[in-house]
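Listing of model-v1.tsv; format and content: TSV, C-alpha atoms.
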chain	number	residue	atom	x	y	z
J	1	MET	CA	129.17	161.14	163.00
J	2	LEU	CA	125.45	160.74	162.93
J	3	SER	CA	123.22	162.68	160.58
J	4	ASN	CA	122.14	166.09	161.80
J	5	PRO	CA	118.76	166.82	163.40
J	6	LEU	CA	117.32	167.99	160.07
J	7	SER	CA	117.53	164.42	158.80
J	8	SER	CA	114.24	162.73	157.98
J	9	GLN	CA	115.33	159.80	160.13
J	10	LEU	CA	115.30	159.73	163.92
J	11	ASN	CA	118.66	158.98	165.48
J	12	ILE	CA	118.54	156.30	168.17
J	13	LEU	CA	121.36	155.35	170.54
J	14	LEU	CA	121.37	151.75	171.82
J	15	VAL	CA	123.26	151.30	175.09
J	16	ASP	CA	123.63	147.65	176.08
J	17	ASP	CA	126.57	145.31	176.70
J	18	ASP	CA	124.62	142.57	174.89
J	19	LYS	CA	125.94	143.10	171.36
J	20	LYS	CA	123.63	140.47	169.88
J	21	LEU	CA	120.55	142.20	171.27
J	22	CYS	CA	121.78	145.55	169.95
J	23	GLY	CA	122.14	143.96	166.52
J	24	LEU	CA	118.63	142.53	166.64
J	25	ILE	CA	117.11	145.87	167.69
J	26	ARG	CA	119.05	147.71	164.99
J	27	ASP	CA	117.96	145.23	162.31
J	28	TYR	CA	114.35	145.73	163.34
J	29	LEU	CA	114.33	149.52	163.69
J	30	GLU	CA	116.41	150.63	160.71
J	31	PRO	CA	113.90	149.45	158.06
J	32	MET	CA	111.34	151.51	159.98
J	33	GLY	CA	113.26	154.68	159.21
J	34	TYR	CA	115.40	154.94	162.35
J	35	ALA	CA	119.17	155.47	162.25
J	36	CYS	CA	120.68	153.38	165.05
J	37	GLN	CA	124.09	153.50	166.69
J	38	ALA	CA	125.16	151.15	169.48
J	39	VAL	CA	127.63	151.46	172.33
J	40	HIS	CA	128.24	148.83	174.96
J	41	ASN	CA	129.06	150.63	178.20
J	42	GLY	CA	127.93	153.68	180.10
J	43	LYS	CA	131.09	155.76	179.68
J	44	GLN	CA	130.85	155.50	175.90
J	45	ALA	CA	127.19	156.45	176.04
J	46	LEU	CA	127.76	159.64	178.04
J	47	ALA	CA	130.64	160.68	175.82
J	48	ILE	CA	128.81	160.18	172.54
J	49	VAL	CA	125.60	161.90	173.65
J	50	GLN	CA	127.56	165.08	174.36
J	51	LYS	CA	128.89	165.15	170.78
J	52	ASN	CA	125.89	163.98	168.75
J	53	THR	CA	122.18	164.62	168.41
J	54	PHE	CA	119.88	161.74	169.33
J	55	HIS	CA	116.11	161.67	169.42
J	56	ALA	CA	115.89	158.75	171.88
J	57	ILE	CA	118.13	156.41	173.86
J	58	ILE	CA	117.37	152.76	174.56
J	59	LEU	CA	119.31	152.14	177.78
J	60	ASP	CA	120.02	148.85	179.56
J	61	VAL	CA	120.11	148.86	183.37
J	62	MET	CA	122.61	146.07	184.02
J	63	MET	CA	125.99	147.02	182.52
J	64	PRO	CA	129.60	146.81	183.73
J	65	GLU	CA	131.46	149.82	185.22
J	66	ILE	CA	128.51	152.22	185.13
J	67	ASP	CA	124.99	150.83	185.30
J	68	GLY	CA	122.05	152.33	183.46
J	69	PHE	CA	120.74	154.18	186.51
J	70	GLU	CA	124.02	156.08	186.91
J	71	VAL	CA	124.16	156.78	183.18
J	72	LEU	CA	120.66	158.23	183.38
J	73	ARG	CA	121.50	160.27	186.48
J	74	GLN	CA	124.49	161.88	184.76
J	75	LEU	CA	122.68	162.24	181.45
J	76	ARG	CA	119.87	164.27	183.00
J	77	LYS	CA	122.39	166.91	184.11
J	78	PHE	CA	122.81	168.06	180.52
J	79	SER	CA	120.18	166.42	178.28
J	80	ASP	CA	116.41	165.84	178.18
J	81	VAL	CA	116.60	163.29	175.35
J	82	PRO	CA	113.89	160.59	175.77
J	83	VAL	CA	115.17	157.44	177.48
J	84	LEU	CA	113.53	154.04	177.20
J	85	MET	CA	115.08	151.74	179.81
J	86	LEU	CA	115.52	147.99	179.38
J	87	THR	CA	116.06	145.48	182.15
J	88	ALA	CA	116.28	141.73	182.54
J	89	ARG	CA	114.62	142.22	185.91
J	90	GLY	CA	110.97	143.17	186.13
J	91	ASP	CA	111.07	144.44	189.72
J	92	GLU	CA	108.73	147.29	190.55
J	93	THR	CA	111.54	148.95	192.51
J	94	ASP	CA	113.73	149.10	189.39
J	95	ARG	CA	110.93	150.70	187.40
J	96	ILE	CA	110.26	153.29	190.09
J	97	VAL	CA	113.95	154.19	190.43
J	98	GLY	CA	114.35	154.56	186.67
J	99	LEU	CA	111.27	156.75	186.30
J	100	GLU	CA	112.23	158.93	189.28
J	101	LEU	CA	115.67	159.49	187.74
J	102	GLY	CA	114.07	160.76	184.55
J	103	ALA	CA	113.38	157.74	182.34
J	104	ASP	CA	110.47	158.25	179.94
J	105	ASP	CA	109.41	154.61	179.82
J	106	TYR	CA	110.49	151.18	181.00
J	107	LEU	CA	110.49	147.82	179.24
J	108	PRO	CA	111.52	144.36	180.53
J	109	LYS	CA	113.79	142.38	178.19
J	110	THR	CA	111.02	139.93	177.44
J	111	PHE	CA	109.55	142.64	175.18
J	112	SER	CA	108.23	142.01	171.70
J	113	THR	CA	109.57	144.08	168.82
J	114	ARG	CA	106.08	145.50	168.25
J	115	GLU	CA	105.90	146.74	171.84
J	116	LEU	CA	109.39	148.23	171.61
J	117	LEU	CA	108.43	150.12	168.45
J	118	ALA	CA	105.17	151.37	169.96
J	119	ARG	CA	106.87	152.66	173.11
J	120	LEU	CA	109.72	154.22	171.14
J	121	ARG	CA	107.24	156.04	168.91
J	122	ALA	CA	105.34	157.29	171.94
J	123	VAL	CA	108.37	158.79	173.71
J	124	THR	CA	109.80	160.38	170.56
J	125	ARG	CA	106.40	161.78	169.56
J	126	ARG	CA	106.01	163.50	172.93
J	127	TYR	CA	109.56	164.86	172.75
J	128	LEU	CA	109.27	166.21	169.21
J	129	LYS	CA	105.98	167.93	169.98
J	130	ALA	CA	107.52	169.59	173.04
J	131	ALA	CA	110.78	170.56	171.28
J	132	PRO	CA	110.54	170.94	167.50
J	133	LEU	CA	113.72	170.02	165.69
J	134	SER	CA	113.65	172.82	163.15
J	135	SER	CA	113.31	176.57	163.34
J	136	PRO	CA	111.38	178.72	160.85
J	137	ASP	CA	114.50	179.74	158.97
J	138	GLN	CA	115.70	176.19	158.39
J	139	GLU	CA	115.12	174.70	154.98
J	140	ARG	CA	112.40	172.16	154.21
J	141	HIS	CA	112.85	168.47	154.73
J	142	LEU	CA	113.21	167.14	151.21
J	143	LEU	CA	113.91	163.72	149.74
J	144	ARG	CA	114.97	163.78	146.10
J	145	PHE	CA	115.20	160.68	143.93
J	146	ASP	CA	115.92	161.37	140.26
J	147	GLN	CA	112.76	163.18	139.06
J	148	LEU	CA	110.83	162.46	142.25
J	149	GLU	CA	110.71	164.94	145.15
J	150	ILE	CA	109.07	164.26	148.53
J	151	ASN	CA	108.49	167.21	150.87
J	152	LEU	CA	108.22	165.73	154.36
J	153	ASP	CA	106.95	168.98	155.89
J	154	SER	CA	104.11	169.79	153.50
J	155	ARG	CA	103.46	166.17	152.35
J	156	GLU	CA	103.73	167.36	148.74
J	157	ILE	CA	105.00	165.05	146.00
J	158	PHE	CA	106.46	166.27	142.70
J	159	LEU	CA	107.26	164.07	139.71
J	160	ASN	CA	109.10	165.64	136.77
J	161	GLY	CA	108.36	169.04	138.32
J	162	ARG	CA	104.61	168.47	138.50
J	163	SER	CA	102.55	168.04	141.63
J	164	LEU	CA	101.37	164.47	142.19
J	165	GLU	CA	98.04	163.79	143.87
J	166	LEU	CA	98.30	160.89	146.33
J	167	THR	CA	95.85	159.59	148.91
J	168	PRO	CA	97.03	159.91	152.54
J	169	PHE	CA	97.79	156.19	152.61
J	170	GLU	CA	99.72	156.32	149.33
J	171	TYR	CA	101.81	159.21	150.64
J	172	ASP	CA	102.65	157.36	153.86
J	173	LEU	CA	103.44	154.22	151.88
J	174	LEU	CA	105.79	156.11	149.56
J	175	ARG	CA	107.45	157.91	152.46
J	176	CYS	CA	107.98	154.62	154.31
J	177	LEU	CA	109.63	152.98	151.31
J	178	ALA	CA	111.69	156.03	150.36
J	179	LEU	CA	113.15	156.46	153.86
J	180	SER	CA	114.32	152.85	153.72
J	181	HIS	CA	115.60	152.95	150.12
J	182	GLY	CA	117.81	150.00	149.28
J	183	LYS	CA	116.27	147.84	152.04
J	184	VAL	CA	113.56	145.21	151.63
J	185	LEU	CA	110.46	145.85	153.74
J	186	THR	CA	107.96	143.11	154.43
J	187	ARG	CA	104.27	143.91	154.33
J	188	ASP	CA	104.14	143.64	158.13
J	189	GLN	CA	107.00	146.12	158.48
J	190	ILE	CA	105.26	148.56	156.19
J	191	LEU	CA	102.03	148.30	158.18
J	192	GLU	CA	103.87	148.70	161.48
J	193	ASN	CA	105.66	151.76	160.15
J	194	ILE	CA	102.41	153.57	159.41
J	195	ALA	CA	100.28	151.85	162.06
J	196	ASP	CA	99.67	155.04	164.03
J	197	ARG	CA	97.41	156.14	161.18
J	198	ASN	CA	94.04	154.45	161.62
J	199	TYR	CA	93.91	152.79	158.24
J	200	ASP	CA	91.64	149.81	157.71
J	201	VAL	CA	94.22	147.65	155.91
J	202	PHE	CA	95.73	144.19	156.12
J	203	ASP	CA	98.99	142.85	154.75
J	204	ARG	CA	97.80	141.82	151.27
J	205	SER	CA	95.94	145.09	150.74
J	206	ILE	CA	99.42	146.65	150.60
J	207	ASP	CA	99.74	145.07	147.14
J	208	VAL	CA	96.70	146.98	145.90
J	209	HIS	CA	98.04	150.28	147.21
J	210	ILE	CA	101.47	149.56	145.72
J	211	SER	CA	99.85	148.98	142.34
J	212	ALA	CA	97.96	152.28	142.54
J	213	LEU	CA	101.08	154.12	143.66
J	214	ARG	CA	103.11	152.69	140.79
J	215	LYS	CA	100.58	153.94	138.28
J	216	LYS	CA	100.82	157.46	139.64
J	217	LEU	CA	104.63	157.27	139.62
J	218	GLN	CA	104.54	155.90	136.06
J	219	ASP	CA	106.64	153.03	137.39
J	220	ASP	CA	106.70	149.81	135.36
J	221	PRO	CA	106.89	146.84	137.80
J	222	ARG	CA	108.73	144.80	135.13
J	223	GLN	CA	111.46	147.46	134.95
J	224	PRO	CA	111.03	149.41	138.17
J	225	ARG	CA	112.45	152.87	138.50
J	226	TYR	CA	111.28	153.35	142.07
J	227	ILE	CA	109.51	150.37	143.66
J	228	GLN	CA	110.73	146.81	143.19
J	229	THR	CA	108.85	143.69	144.23
J	230	VAL	CA	111.08	141.23	146.07
J	231	ARG	CA	109.54	137.81	145.63
J	232	ALA	CA	108.41	136.07	148.83
J	233	ALA	CA	109.72	139.01	150.85
J	234	GLY	CA	108.09	142.39	150.18
J	235	TYR	CA	109.03	145.65	148.49
J	236	MET	CA	112.13	147.81	148.12
J	237	PHE	CA	112.62	151.39	146.99
J	238	VAL	CA	115.45	151.14	144.46
J	239	CYS	CA	116.09	154.70	143.30
J	240	ASN	CA	119.10	156.26	145.01
J	241	ARG	CA	118.66	159.58	146.81
J	242	ASP	CA	120.05	162.76	145.29
J	243	HIS	CA	122.00	164.50	148.07
J	244	GLU	CA	121.88	168.27	148.12
J	245	LYS	CA	125.17	170.16	148.17
Write out the structure in this file as structure tokens.
Amino acid sequence: MLSNPLSSQLNILLVDDDKKLCGLIRDYLEPMGYACQAVHNGKQALAIVQKNTFHAIILDVMMPEIDGFEVLRQLRKFSDVPVLMLTARGDETDRIVGLELGADDYLPKTFSTRELLARLRAVTRRYLKAAPLSSPDQERHLLRFDQLEINLDSREIFLNGRSLELTPFEYDLLRCLALSHGKVLTRDQILENIADRNYDVFDRSIDVHISALRKKLQDDPRQPRYIQTVRAAGYMFVCNRDHEK
């Protein structure tokens, strides 16, 4: 089962009979904070959407048994989840049909990963603004790592029970790393993850912000408690999350 809608990650369903492509998309999106699950035919897709909560579906048009158009047609009878359609064909007719059936966006399979991420962010952002995931009586979105607590709703950080003052960029940097704990993120991936904030940064400036963030976290880079430098690769959040009971 996928994590519930209160999770800090967004749950994405990949529907494509090309298993290699699904793997490549998953490998790209998961370090960005998305939780991805893949199925490889339309019947599986319709069945799993009825039992799980997804925040977006990446749907291929050309599939055996049931094509993507029919999947979308049936899906729209019971769900308004955002759908980003993929096709190997770039015909205008295909795009029009998909959009008329209820697709939120359309992308030919010659897409770049950056474009995929940008379009995925756009459709999920519109959806979440229109239909908030949480109600007032639901508990806060919290990430807890040892003595570190990150409140995703209020953007508050607490270390050893004391409030920690971070710049907006430092907060987004910490959030990005924490949501991908245990996974190495390159500088480019970090920048892409927070690119919708209009920060004037470049890849090596990440190092400066990491250094400042470590000081505030009292994190020794030689014996990291939270942020580890991975040589010739990037950075990784190494503290395991404390799960609430």
Per residue of range 65-179 of chain J within 8 Å of range 12-35 of chain J, what are the shortest atom pair and its distance in Å to one decimal, counting only C-alpha atoms, with rows by chain and residue number, as CSV?
residue,atom,partner,partner_atom,distance
J:Thr113,CA,J:Tyr28,CA,7.5
J:Leu117,CA,J:Leu29,CA,7.6
J:Cys176,CA,J:Gly33,CA,7.2
J:Leu179,CA,J:Gly33,CA,5.6
For the contact check between range 33-76 of chain J and range 93-96 of chain J, emit one row per residue of range 33-76 of chain J within 12 Å, containing the shortest atom pair and the distance in Å rounded to one decimal, counting only C-alpha atoms, chain then rising number order, as CSV.
residue,atom,partner,partner_atom,distance
J:Asp60,CA,J:Asp94,CA,11.7
J:Val61,CA,J:Asp94,CA,8.8
J:Met62,CA,J:Asp94,CA,10.8
J:Gly68,CA,J:Asp94,CA,10.7
J:Phe69,CA,J:Asp94,CA,9.1
Please dump the current selection as an mmCIF file, in the frame of the given file; keep C-alpha atoms.
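Below is the file that was written, part.cif:
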data_model
loop_
_atom_site.group_PDB
_atom_site.id
_atom_site.type_symbol
_atom_site.label_atom_id
_atom_site.label_comp_id
_atom_site.auth_asym_id
_atom_site.auth_seq_id
_atom_site.Cartn_x
_atom_site.Cartn_y
_atom_site.Cartn_z
ATOM 1 C CA ASP J 60 120.020 148.850 179.560
ATOM 2 C CA VAL J 61 120.110 148.860 183.370
ATOM 3 C CA MET J 62 122.610 146.070 184.020
ATOM 4 C CA GLY J 68 122.050 152.330 183.460
ATOM 5 C CA PHE J 69 120.740 154.180 186.510
#
Review point. Any idea what's packed within 7 Å of Leu148 in chain J, counting only C-alpha atoms, ignoring anything in its chain fewer than 5 positions away? Could you give it as number ranges by chain?
Key: J: 158-160
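In this structure, CA of Asn41 in chain J sits 17.7 Å away from CA of Ala103 in chain J.
One finds CA of Lys183 in chain J at 5.7 Å from CA of Met236 in chain J.
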Check your understanding: Separation of CA of Arg73 in chain J and CA of Ala56 in chain J, in Å?
Key ->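 Value for the CA of Arg73 in chain J-CA of Ala56 in chain J distance: 15.7 Å.
Among the candidates J:Leu152, J:Ile227, J:Leu107, J:Leu101, the one nearest to Arg214 in chain J when counting all atoms listed in the file is J:Ile227.
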Review point. Neighbours of Leu177 in chain J within 8 Å (all atoms listed in the file; same-chain residues fewer than 5 positions away dropped), as number ranges by chain?
Key: J: 185, 190, 235-237
Study note, to complete from the structure: Using all atoms listed in the file, the shortest atom-to-atom distance to Ala38 in chain J among J:Leu75, J:Ala233, J:Phe169, J:Ile57 belongs to J:Ile57
